[in-house]
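Novice: Supplied structure: my_file-v1.tsv, TSV, C-alpha atoms.
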```tsv
chain	number	residue	atom	x	y	z
M	51	MET	CA	17.65	8.68	44.00
M	52	LYS	CA	16.23	7.88	40.59
M	53	GLN	CA	12.65	6.66	40.47
M	54	LYS	CA	12.32	2.93	39.90
M	55	LYS	CA	11.23	2.01	36.37
M	56	LEU	CA	8.62	-0.72	35.95
M	57	ILE	CA	7.74	-1.53	32.37
M	58	THR	CA	5.48	-4.29	31.09
M	59	ILE	CA	5.26	-5.41	27.49
M	60	SER	CA	2.30	-7.34	26.14
M	61	ARG	CA	2.62	-8.45	22.55
M	62	GLN	CA	1.13	-10.26	19.62
M	63	TYR	CA	3.10	-13.34	18.62
M	64	GLY	CA	5.74	-12.40	16.04
M	65	SER	CA	5.37	-8.65	16.60
M	66	GLY	CA	8.89	-8.16	17.96
M	67	GLY	CA	7.63	-7.23	21.43
M	68	ARG	CA	10.29	-9.34	23.07
M	69	GLU	CA	13.03	-7.71	20.98
M	70	ILE	CA	11.74	-4.24	21.88
M	71	GLY	CA	11.59	-5.17	25.57
M	72	SER	CA	15.07	-6.63	25.57
M	73	LYS	CA	16.59	-3.65	23.74
M	74	LEU	CA	14.73	-1.21	25.94
M	75	ALA	CA	16.01	-2.89	29.11
M	76	LYS	CA	19.55	-2.80	27.75
M	77	ARG	CA	19.30	0.89	26.86
M	78	LEU	CA	17.82	1.77	30.24
M	79	GLN	CA	20.30	-0.55	31.96
M	80	ILE	CA	17.60	-2.32	33.92
M	81	ALA	CA	16.61	-5.96	34.41
M	82	PHE	CA	14.67	-7.93	31.77
M	83	TYR	CA	12.43	-10.92	32.38
M	84	ASP	CA	10.65	-12.97	29.78
M	85	LYS	CA	11.10	-16.72	29.75
M	86	GLU	CA	13.57	-16.35	32.61
M	87	LEU	CA	10.50	-16.01	34.84
M	88	ILE	CA	9.49	-19.57	34.07
M	89	GLU	CA	12.73	-21.02	35.26
M	90	MET	CA	12.68	-18.93	38.40
M	91	ALA	CA	9.03	-19.67	39.08
M	92	ALA	CA	9.54	-23.39	38.49
M	93	GLU	CA	12.39	-23.42	40.93
M	94	LYS	CA	10.40	-21.48	43.49
M	95	SER	CA	7.31	-23.64	43.21
M	96	GLY	CA	8.89	-27.03	42.99
M	97	ILE	CA	6.94	-27.69	39.79
M	98	ASP	CA	8.99	-29.55	37.22
M	99	LYS	CA	10.71	-27.04	34.91
M	100	GLU	CA	9.72	-28.78	31.69
M	101	LEU	CA	6.11	-29.09	32.81
M	102	PHE	CA	6.11	-25.42	33.70
M	103	SER	CA	7.59	-24.48	30.36
M	104	ALA	CA	5.14	-26.65	28.39
M	105	ASN	CA	2.22	-24.86	30.05
M	106	GLU	CA	3.62	-21.36	29.61
M	107	GLU	CA	0.99	-18.58	29.35
M	108	SER	CA	-1.76	-21.14	29.18
M	109	ALA	CA	-5.07	-20.59	30.95
M	110	GLY	CA	-6.70	-22.47	33.83
M	111	GLY	CA	-7.57	-26.02	32.98
M	112	GLU	CA	-8.10	-29.05	35.09
M	113	ILE	CA	-4.71	-30.73	35.27
M	114	ARG	CA	-3.84	-30.94	38.94
M	115	TYR	CA	-0.30	-31.10	40.09
M	116	LEU	CA	0.41	-32.63	43.43
M	117	GLY	CA	4.13	-32.00	43.50
M	118	ASN	CA	6.02	-30.22	46.20
M	119	MET	CA	3.69	-27.34	47.06
M	120	MET	CA	5.25	-26.88	50.48
M	121	ASN	CA	7.34	-24.05	49.04
M	122	PHE	CA	4.24	-21.89	49.04
M	123	LEU	CA	3.42	-22.32	52.67
M	124	GLY	CA	6.00	-19.87	53.84
M	125	ASN	CA	5.29	-16.92	51.56
M	126	GLY	CA	1.74	-15.91	52.28
M	127	THR	CA	0.02	-17.72	49.43
M	128	GLY	CA	-0.98	-20.63	51.65
M	129	SER	CA	-1.32	-24.12	50.27
M	130	MET	CA	-2.22	-24.33	46.61
M	131	LEU	CA	-2.83	-28.05	46.56
M	132	ASN	CA	-6.40	-27.52	45.46
M	133	LEU	CA	-5.50	-25.44	42.44
M	134	SER	CA	-4.80	-26.72	38.93
M	135	LEU	CA	-1.22	-26.79	37.78
M	136	LYS	CA	-1.78	-23.78	35.54
M	137	ASP	CA	-3.35	-21.78	38.32
M	138	GLN	CA	-0.45	-22.66	40.62
M	139	MET	CA	1.96	-21.56	37.93
M	140	TYR	CA	0.07	-18.30	37.46
M	141	ILE	CA	0.10	-17.49	41.18
M	142	THR	CA	3.78	-18.35	41.47
M	143	GLN	CA	4.60	-16.05	38.58
M	144	CYS	CA	2.46	-13.24	40.03
M	145	ASN	CA	4.31	-13.47	43.34
M	146	LEU	CA	7.62	-13.48	41.55
M	147	ILE	CA	6.71	-10.44	39.41
M	148	GLU	CA	5.62	-8.55	42.54
M	149	GLN	CA	8.84	-9.47	44.35
M	150	LEU	CA	11.11	-8.49	41.47
M	151	ALA	CA	9.21	-5.22	41.04
M	152	GLU	CA	9.81	-4.42	44.69
M	153	GLN	CA	13.54	-4.99	44.32
M	154	GLU	CA	14.58	-3.28	41.12
M	155	SER	CA	13.78	-1.47	37.88
M	156	VAL	CA	12.63	-4.03	35.37
M	157	VAL	CA	11.04	-4.81	31.99
M	158	PHE	CA	8.61	-7.75	32.06
M	159	VAL	CA	7.38	-9.39	28.88
M	160	GLY	CA	3.97	-11.11	28.92
M	161	ARG	CA	2.53	-13.08	31.85
M	162	CYS	CA	-0.19	-10.45	32.58
M	163	ALA	CA	2.47	-8.35	34.33
M	164	ASP	CA	0.50	-5.19	33.42
M	165	VAL	CA	-2.39	-6.39	35.57
M	166	VAL	CA	-0.22	-7.90	38.30
M	167	LEU	CA	1.47	-4.52	38.75
M	168	GLN	CA	-1.62	-2.36	38.21
M	169	ASN	CA	-1.39	-0.82	41.65
M	170	HIS	CA	2.15	0.46	41.06
M	171	PRO	CA	1.47	4.02	39.93
M	172	GLY	CA	4.82	4.39	38.15
M	173	CYS	CA	4.37	1.32	35.96
M	174	ILE	CA	4.31	1.80	32.18
M	175	ASN	CA	2.26	-0.73	30.23
M	176	ILE	CA	3.12	-1.20	26.58
M	177	PHE	CA	1.44	-3.31	23.87
M	178	ILE	CA	3.22	-4.21	20.65
M	179	HIS	CA	1.34	-5.40	17.58
M	180	SER	CA	2.18	-5.70	13.91
M	181	ASN	CA	0.58	-6.57	10.60
M	182	LEU	CA	0.30	-10.24	9.67
M	183	GLU	CA	2.81	-10.05	6.85
M	184	ASN	CA	5.61	-8.82	9.11
M	185	ARG	CA	4.71	-11.29	11.83
M	186	LYS	CA	4.85	-14.20	9.38
M	187	LYS	CA	8.23	-12.98	8.16
M	188	ARG	CA	9.54	-12.80	11.72
M	189	VAL	CA	8.35	-16.22	12.85
M	190	ILE	CA	9.77	-17.84	9.71
M	191	GLU	CA	13.12	-16.01	9.66
M	192	GLU	CA	13.80	-15.52	13.33
M	193	TYR	CA	11.91	-18.25	15.15
M	194	GLY	CA	12.62	-20.85	12.46
M	195	ILE	CA	8.98	-21.86	11.98
M	196	ASP	CA	8.07	-23.60	8.75
M	197	GLU	CA	6.41	-21.29	6.21
M	198	LYS	CA	3.37	-23.54	5.91
M	199	GLN	CA	2.89	-23.52	9.68
M	200	ALA	CA	3.50	-19.81	10.22
M	201	LEU	CA	-0.05	-18.50	10.00
M	202	GLU	CA	-1.50	-21.38	12.00
M	203	THR	CA	1.15	-20.95	14.72
M	204	ILE	CA	0.53	-17.19	14.95
M	205	GLU	CA	-3.22	-17.70	15.28
M	206	LYS	CA	-2.80	-20.48	17.83
M	207	ILE	CA	-0.40	-18.57	20.07
M	208	ASP	CA	-2.39	-15.33	19.82
M	209	ARG	CA	-5.50	-17.24	20.85
M	210	LYS	CA	-3.61	-18.81	23.75
M	211	ARG	CA	-2.31	-15.44	24.96
M	212	LYS	CA	-5.76	-13.89	24.68
M	213	ASN	CA	-7.33	-16.76	26.65
M	214	TYR	CA	-4.61	-16.57	29.29
M	215	TYR	CA	-5.03	-12.82	29.71
M	216	GLU	CA	-8.81	-12.91	29.81
M	217	TYR	CA	-8.92	-15.94	32.12
M	218	TYR	CA	-6.68	-14.38	34.74
M	219	THR	CA	-7.69	-10.71	34.48
M	220	ASP	CA	-10.92	-8.74	34.13
M	221	LYS	CA	-9.67	-7.04	30.97
M	222	LYS	CA	-10.10	-7.61	27.25
M	223	TRP	CA	-6.95	-8.51	25.32
M	224	GLY	CA	-5.80	-5.93	22.78
M	225	ARG	CA	-7.98	-3.08	24.05
M	226	ALA	CA	-6.19	0.24	23.55
M	227	GLN	CA	-7.32	1.64	26.90
M	228	ASN	CA	-5.50	-1.10	28.82
M	229	PHE	CA	-2.14	0.34	27.85
M	230	HIS	CA	-0.22	3.56	28.30
M	231	ILE	CA	1.53	3.04	24.99
M	232	VAL	CA	0.63	0.87	22.00
M	233	LEU	CA	2.98	0.61	19.03
M	234	ASP	CA	2.71	-1.03	15.62
M	235	SER	CA	6.14	-2.49	14.91
M	236	SER	CA	5.35	-2.85	11.20
M	237	ARG	CA	4.91	0.92	10.81
M	238	PHE	CA	8.22	2.02	12.35
M	239	GLU	CA	11.63	0.39	12.59
M	240	ILE	CA	12.07	-1.41	15.89
M	241	ASP	CA	15.23	0.53	16.77
M	242	LYS	CA	13.37	3.81	16.27
M	243	LEU	CA	10.58	2.65	18.54
M	244	VAL	CA	13.16	1.77	21.18
M	245	ASP	CA	14.79	5.20	20.76
M	246	MET	CA	11.41	6.84	21.18
M	247	LEU	CA	10.56	4.84	24.30
M	248	VAL	CA	13.93	5.67	25.85
M	249	PHE	CA	13.33	9.33	25.00
M	250	LEU	CA	9.90	9.35	26.66
M	251	ILE	CA	10.84	7.28	29.70
M	252	ASN	CA	13.98	9.28	30.39
M	253	SER	CA	12.03	12.53	30.07
M	254	GLU	CA	10.20	11.56	33.27
M	255	GLU	CA	13.28	11.94	35.45
O	714	MET	CA	11.62	16.72	-1.43
O	715	LYS	CA	10.43	15.77	2.04
O	716	GLN	CA	7.86	13.00	2.29
O	717	LYS	CA	4.33	14.22	2.93
O	718	LYS	CA	3.13	13.65	6.50
O	719	LEU	CA	-0.41	12.39	7.03
O	720	ILE	CA	-1.42	11.97	10.65
O	721	THR	CA	-4.83	11.07	12.03
O	722	ILE	CA	-5.84	11.37	15.66
O	723	SER	CA	-8.78	9.49	17.11
O	724	ARG	CA	-9.58	10.31	20.70
O	725	GLN	CA	-11.76	9.71	23.70
O	726	TYR	CA	-13.74	12.79	24.69
O	727	GLY	CA	-11.75	14.86	27.20
O	728	SER	CA	-8.48	12.98	26.59
O	729	GLY	CA	-6.64	15.95	25.13
O	730	GLY	CA	-6.40	14.37	21.67
O	731	ARG	CA	-7.28	17.66	20.00
O	732	GLU	CA	-4.61	19.52	21.99
O	733	ILE	CA	-2.01	16.90	21.08
O	734	GLY	CA	-3.01	17.10	17.40
O	735	SER	CA	-2.91	20.86	17.34
O	736	LYS	CA	0.48	21.07	19.08
O	737	LEU	CA	1.89	18.32	16.89
O	738	ALA	CA	0.79	20.13	13.71
O	739	LYS	CA	2.35	23.36	14.96
O	740	ARG	CA	5.65	21.64	15.81
O	741	LEU	CA	5.76	19.86	12.46
O	742	GLN	CA	4.61	23.04	10.70
O	743	ILE	CA	1.84	21.28	8.86
O	744	ALA	CA	-1.92	21.85	8.47
O	745	PHE	CA	-4.42	20.92	11.17
O	746	TYR	CA	-8.09	20.08	10.67
O	747	ASP	CA	-10.62	19.34	13.35
O	748	LYS	CA	-13.87	21.28	13.42
O	749	GLU	CA	-12.59	23.32	10.48
O	750	LEU	CA	-13.56	20.36	8.34
O	751	ILE	CA	-17.21	20.89	9.17
O	752	GLU	CA	-17.26	24.42	7.92
O	753	MET	CA	-15.43	23.47	4.75
O	754	ALA	CA	-17.62	20.43	4.17
O	755	ALA	CA	-20.79	22.43	4.80
O	756	GLU	CA	-19.70	24.99	2.27
O	757	LYS	CA	-18.81	22.35	-0.25
O	758	SER	CA	-22.04	20.41	0.14
O	759	GLY	CA	-24.50	23.25	0.36
O	760	ILE	CA	-25.82	21.79	3.61
O	761	ASP	CA	-26.62	24.45	6.17
O	762	LYS	CA	-23.55	25.04	8.40
O	763	GLU	CA	-25.48	24.89	11.66
O	764	LEU	CA	-27.27	21.71	10.65
O	765	PHE	CA	-23.93	20.21	9.70
O	766	SER	CA	-22.40	21.21	12.99
O	767	ALA	CA	-25.32	19.89	15.05
O	768	ASN	CA	-24.91	16.46	13.44
O	769	GLU	CA	-21.13	16.32	13.81
O	770	GLU	CA	-19.68	12.81	14.09
O	771	SER	CA	-23.11	11.34	14.37
O	772	ALA	CA	-23.99	8.07	12.67
O	773	GLY	CA	-26.43	7.28	9.87
O	774	GLY	CA	-30.01	8.02	10.72
O	775	GLU	CA	-33.03	8.69	8.62
O	776	ILE	CA	-33.23	12.47	8.41
O	777	ARG	CA	-33.17	13.33	4.72
O	778	TYR	CA	-31.90	16.61	3.52
O	779	LEU	CA	-33.11	17.87	0.18
O	780	GLY	CA	-31.03	21.02	0.05
O	781	ASN	CA	-28.72	22.02	-2.74
O	782	MET	CA	-27.09	18.74	-3.64
O	783	MET	CA	-26.05	19.99	-7.05
O	784	ASN	CA	-22.61	20.75	-5.66
O	785	PHE	CA	-21.87	17.03	-5.68
O	786	LEU	CA	-22.65	16.46	-9.28
O	787	GLY	CA	-19.39	17.92	-10.48
O	788	ASN	CA	-16.94	16.12	-8.22
O	789	GLY	CA	-17.41	12.47	-8.93
O	790	THR	CA	-19.71	11.57	-6.07
O	791	GLY	CA	-22.83	11.81	-8.20
O	792	SER	CA	-26.15	12.84	-6.74
O	793	MET	CA	-26.63	12.04	-3.05
O	794	LEU	CA	-30.30	12.96	-2.93
O	795	ASN	CA	-31.22	9.47	-1.75
O	796	LEU	CA	-28.89	9.49	1.23
O	797	SER	CA	-29.70	10.68	4.73
O	798	LEU	CA	-28.26	14.01	5.84
O	799	LYS	CA	-25.70	12.31	8.06
O	800	ASP	CA	-24.57	10.01	5.27
O	801	GLN	CA	-24.26	12.97	2.93
O	802	MET	CA	-22.19	14.77	5.55
O	803	TYR	CA	-19.99	11.73	6.00
O	804	ILE	CA	-19.33	11.35	2.28
O	805	THR	CA	-18.62	15.07	1.92
O	806	GLN	CA	-16.11	14.92	4.75
O	807	CYS	CA	-14.44	11.81	3.31
O	808	ASN	CA	-13.99	13.53	-0.04
O	809	LEU	CA	-12.60	16.58	1.66
O	810	ILE	CA	-10.15	14.56	3.78
O	811	GLU	CA	-8.96	12.74	0.66
O	812	GLN	CA	-8.52	16.01	-1.24
O	813	LEU	CA	-6.62	17.74	1.57
O	814	ALA	CA	-4.41	14.68	2.01
O	815	GLU	CA	-3.52	14.85	-1.69
O	816	GLN	CA	-2.50	18.49	-1.41
O	817	GLU	CA	-0.45	18.80	1.75
O	818	SER	CA	0.97	17.38	4.99
O	819	VAL	CA	-1.79	17.41	7.57
O	820	VAL	CA	-3.06	16.33	11.00
O	821	PHE	CA	-6.73	15.31	11.03
O	822	VAL	CA	-8.66	14.91	14.28
O	823	GLY	CA	-11.62	12.49	14.35
O	824	ARG	CA	-14.06	11.93	11.49
O	825	CYS	CA	-12.80	8.37	10.78
O	826	ALA	CA	-9.84	9.91	8.93
O	827	ASP	CA	-7.74	6.85	9.85
O	828	VAL	CA	-10.06	4.65	7.80
O	829	VAL	CA	-10.63	7.21	5.02
O	830	LEU	CA	-6.86	7.36	4.49
O	831	GLN	CA	-6.13	3.68	5.06
O	832	ASN	CA	-4.72	3.20	1.60
O	833	HIS	CA	-2.10	5.91	2.06
O	834	PRO	CA	0.92	3.87	3.16
O	835	GLY	CA	2.65	6.81	4.84
O	836	CYS	CA	-0.28	7.69	7.10
O	837	ILE	CA	0.24	7.48	10.88
O	838	ASN	CA	-2.86	6.67	12.91
O	839	ILE	CA	-2.85	7.72	16.56
O	840	PHE	CA	-5.39	7.09	19.33
O	841	ILE	CA	-5.41	9.15	22.52
O	842	HIS	CA	-7.17	7.97	25.67
O	843	SER	CA	-7.02	8.92	29.31
O	844	ASN	CA	-8.38	7.87	32.68
O	845	LEU	CA	-11.82	9.11	33.68
O	846	GLU	CA	-10.56	11.37	36.43
O	847	ASN	CA	-8.36	13.39	34.07
O	848	ARG	CA	-11.05	13.52	31.41
O	849	LYS	CA	-13.58	14.88	33.90
O	850	LYS	CA	-11.07	17.50	35.02
O	851	ARG	CA	-10.46	18.56	31.43
O	852	VAL	CA	-14.08	18.83	30.38
O	853	ILE	CA	-14.91	20.85	33.50
O	854	GLU	CA	-11.89	23.16	33.44
O	855	GLU	CA	-11.24	23.53	29.75
O	856	TYR	CA	-14.56	22.89	28.02
O	857	GLY	CA	-16.57	24.64	30.73
O	858	ILE	CA	-18.96	21.74	31.31
O	859	ASP	CA	-20.84	21.68	34.61
O	860	GLU	CA	-19.33	19.25	37.14
O	861	LYS	CA	-22.61	17.39	37.55
O	862	GLN	CA	-22.90	16.89	33.81
O	863	ALA	CA	-19.27	15.93	33.20
O	864	LEU	CA	-19.52	12.15	33.48
O	865	GLU	CA	-22.79	11.96	31.56
O	866	THR	CA	-21.38	14.17	28.78
O	867	ILE	CA	-18.23	12.07	28.50
O	868	GLU	CA	-20.21	8.84	28.27
O	869	LYS	CA	-22.64	10.31	25.75
O	870	ILE	CA	-19.98	11.70	23.42
O	871	ASP	CA	-17.83	8.58	23.68
O	872	ARG	CA	-20.86	6.48	22.74
O	873	LYS	CA	-21.60	8.80	19.82
O	874	ARG	CA	-18.03	8.60	18.53
O	875	LYS	CA	-18.02	4.82	18.87
O	876	ASN	CA	-21.32	4.53	16.98
O	877	TYR	CA	-20.10	6.89	14.27
O	878	TYR	CA	-16.86	4.96	13.82
O	879	GLU	CA	-18.48	1.54	13.81
O	880	TYR	CA	-21.34	2.64	11.53
O	881	TYR	CA	-19.07	4.01	8.83
O	882	THR	CA	-16.13	1.61	9.07
O	883	ASP	CA	-15.64	-2.14	9.47
O	884	LYS	CA	-13.50	-1.63	12.57
O	885	LYS	CA	-14.09	-1.74	16.31
O	886	TRP	CA	-13.59	1.53	18.18
O	887	GLY	CA	-10.69	1.58	20.65
O	888	ARG	CA	-9.03	-1.59	19.38
O	889	ALA	CA	-5.25	-1.32	19.80
O	890	GLN	CA	-4.52	-2.97	16.46
O	891	ASN	CA	-6.33	-0.22	14.52
O	892	PHE	CA	-3.61	2.28	15.39
O	893	HIS	CA	0.10	2.70	14.84
O	894	ILE	CA	0.42	4.57	18.12
O	895	VAL	CA	-1.85	4.68	21.16
O	896	LEU	CA	-1.05	6.98	24.08
O	897	ASP	CA	-2.57	7.46	27.52
O	898	SER	CA	-2.49	11.20	28.16
O	899	SER	CA	-3.05	10.69	31.89
O	900	ARG	CA	0.21	8.76	32.23
O	901	PHE	CA	2.53	11.30	30.59
O	902	GLU	CA	2.42	15.08	30.27
O	903	ILE	CA	0.88	16.16	26.99
O	904	ASP	CA	3.91	18.23	26.00
O	905	LYS	CA	6.17	15.21	26.51
O	906	LEU	CA	3.91	13.10	24.33
O	907	VAL	CA	4.08	15.76	21.64
O	908	ASP	CA	7.90	15.86	21.96
O	909	MET	CA	8.00	12.11	21.60
O	910	LEU	CA	5.76	12.09	18.54
O	911	VAL	CA	7.84	14.80	16.89
O	912	PHE	CA	10.97	12.77	17.70
O	913	LEU	CA	9.53	9.61	16.13
O	914	ILE	CA	7.95	11.26	13.10
O	915	ASN	CA	11.03	13.31	12.28
O	916	SER	CA	13.22	10.21	12.61
O	917	GLU	CA	11.51	8.88	9.48
O	918	GLU	CA	13.05	11.48	7.19
```
If you convert what's in this file into structure tokens, what do you get?

Specialist:
Amino acid sequence: MKQKKLITISRQYGSGGREIGSKLAKRLQIAFYDKELIEMAAEKSGIDKELFSANEESAGGEIRYLGNMMNFLGNGTGSMLNLSLKDQMYITQCNLIEQLAEQESVVFVGRCADVVLQNHPGCINIFIHSNLENRKKRVIEEYGIDEKQALETIEKIDRKRKNYYEYYTDKKWGRAQNFHIVLDSSRFEIDKLVDMLVFLINSEE
Amino acid sequence: MKQKKLITISRQYGSGGREIGSKLAKRLQIAFYDKELIEMAAEKSGIDKELFSANEESAGGEIRYLGNMMNFLGNGTGSMLNLSLKDQMYITQCNLIEQLAEQESVVFVGRCADVVLQNHPGCINIFIHSNLENRKKRVIEEYGIDEKQALETIEKIDRKRKNYYEYYTDKKWGRAQNFHIVLDSSRFEIDKLVDMLVFLINSEE
């Protein structure tokens, strides 16, 4: 039996980390979860999907959500009624990541999956970054963000991801030592980086 | 004509960064400079070789060296009589790195070569790290360091490299964004990492 592949991708906003993760999953023929996790976690938790989505990868905070938390009672997390909405969302996502990782080979994008799965010895943690020029180009051309807003949006979302990561983990965002592989997507073509990752990951079998 | 390859490797002490650099250079059939740079720089500067070696990758400081600085007068750096020994060594090494990079394809290990060559658009900057357990094993088995001294030596040399890097550059040591590629040599076999680097670098041609 082939060894299960667990791959996490952390990424700067606009670096193409999602694209790399998605292409990598396709090439390895394994599952891929990015925003899909939100929908699944919302469903699981009973938290309204739009509320969940609006607070995506957002740290702590005081907003309390007193929706249907009964869903948690059965799965070992106990009642989370005393936690803020964001903390409830985080815990739901952690549980979901753990469950999916138990079931199948998978690429996770974001959501501190590298830390959630840190006790899985086979897990490969990847960080994708890029220079500002390429990131601006990507968010304008591919995400449809207005040119005037591009830089501000990049800075805002990077800050949000950093806060989220550092709020929920004991690690510093963007530190080389947190990752098994870090790649600069502005230095090499994305398809070549995917080729290289497939080459390395398949060499483990 | 093939494009010139310029590769720099920064590394934690005991991570195997030198081994990766040396194997990579051999596979790519290009030059490799690590400690060799010291000898060459010492010769060039007129600074005593042993003194140069004893102050390897060591930051700033006040020790002044009034040896034969005439060697500098002819190569555009002017007189360095007012600089500390370590600063003189640093400048000599920078000049040497720049000159070698002009002449040929090359792998440089350490000595802030990533920052020295930052204006060469084709340069690939790599950082190698590893978990503490593997680093201890390497320094004991391969560098012959006493088991009791291993951890202390690792911490001391890491601190020295960090100070050197942060004294002479405007960058933070170990920050993922400083590098095009970061690899954890405790997660993958070193020969597989070399294979992968060769694969990626050759795909650029």

Novice: Could you please tell me, as a list in words, which residues of chain M have an atom within 6 Å of chain O when using all atoms listed in the file?

Specialist: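 Every residue meeting the condition is included here: Gly224, Arg225, Ala226, His230, Ile231, Val232, Leu233 and Asp234 of chain M.
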
Novice: Between M:Arg68, M:Lys54, M:Lys73, M:Lys99, which one has atoms that come closest to Arg188 of chain M, using only C-alpha atoms?

Specialist: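 Ranked by minimum distance to Arg188 of chain M, first place goes to M:Arg68.
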
Novice: State, in Å with one decimal place, the distance from atom CA of Gly857 of chain O to atom CA of Glu732 of chain O.

Specialist: 15.7 Å
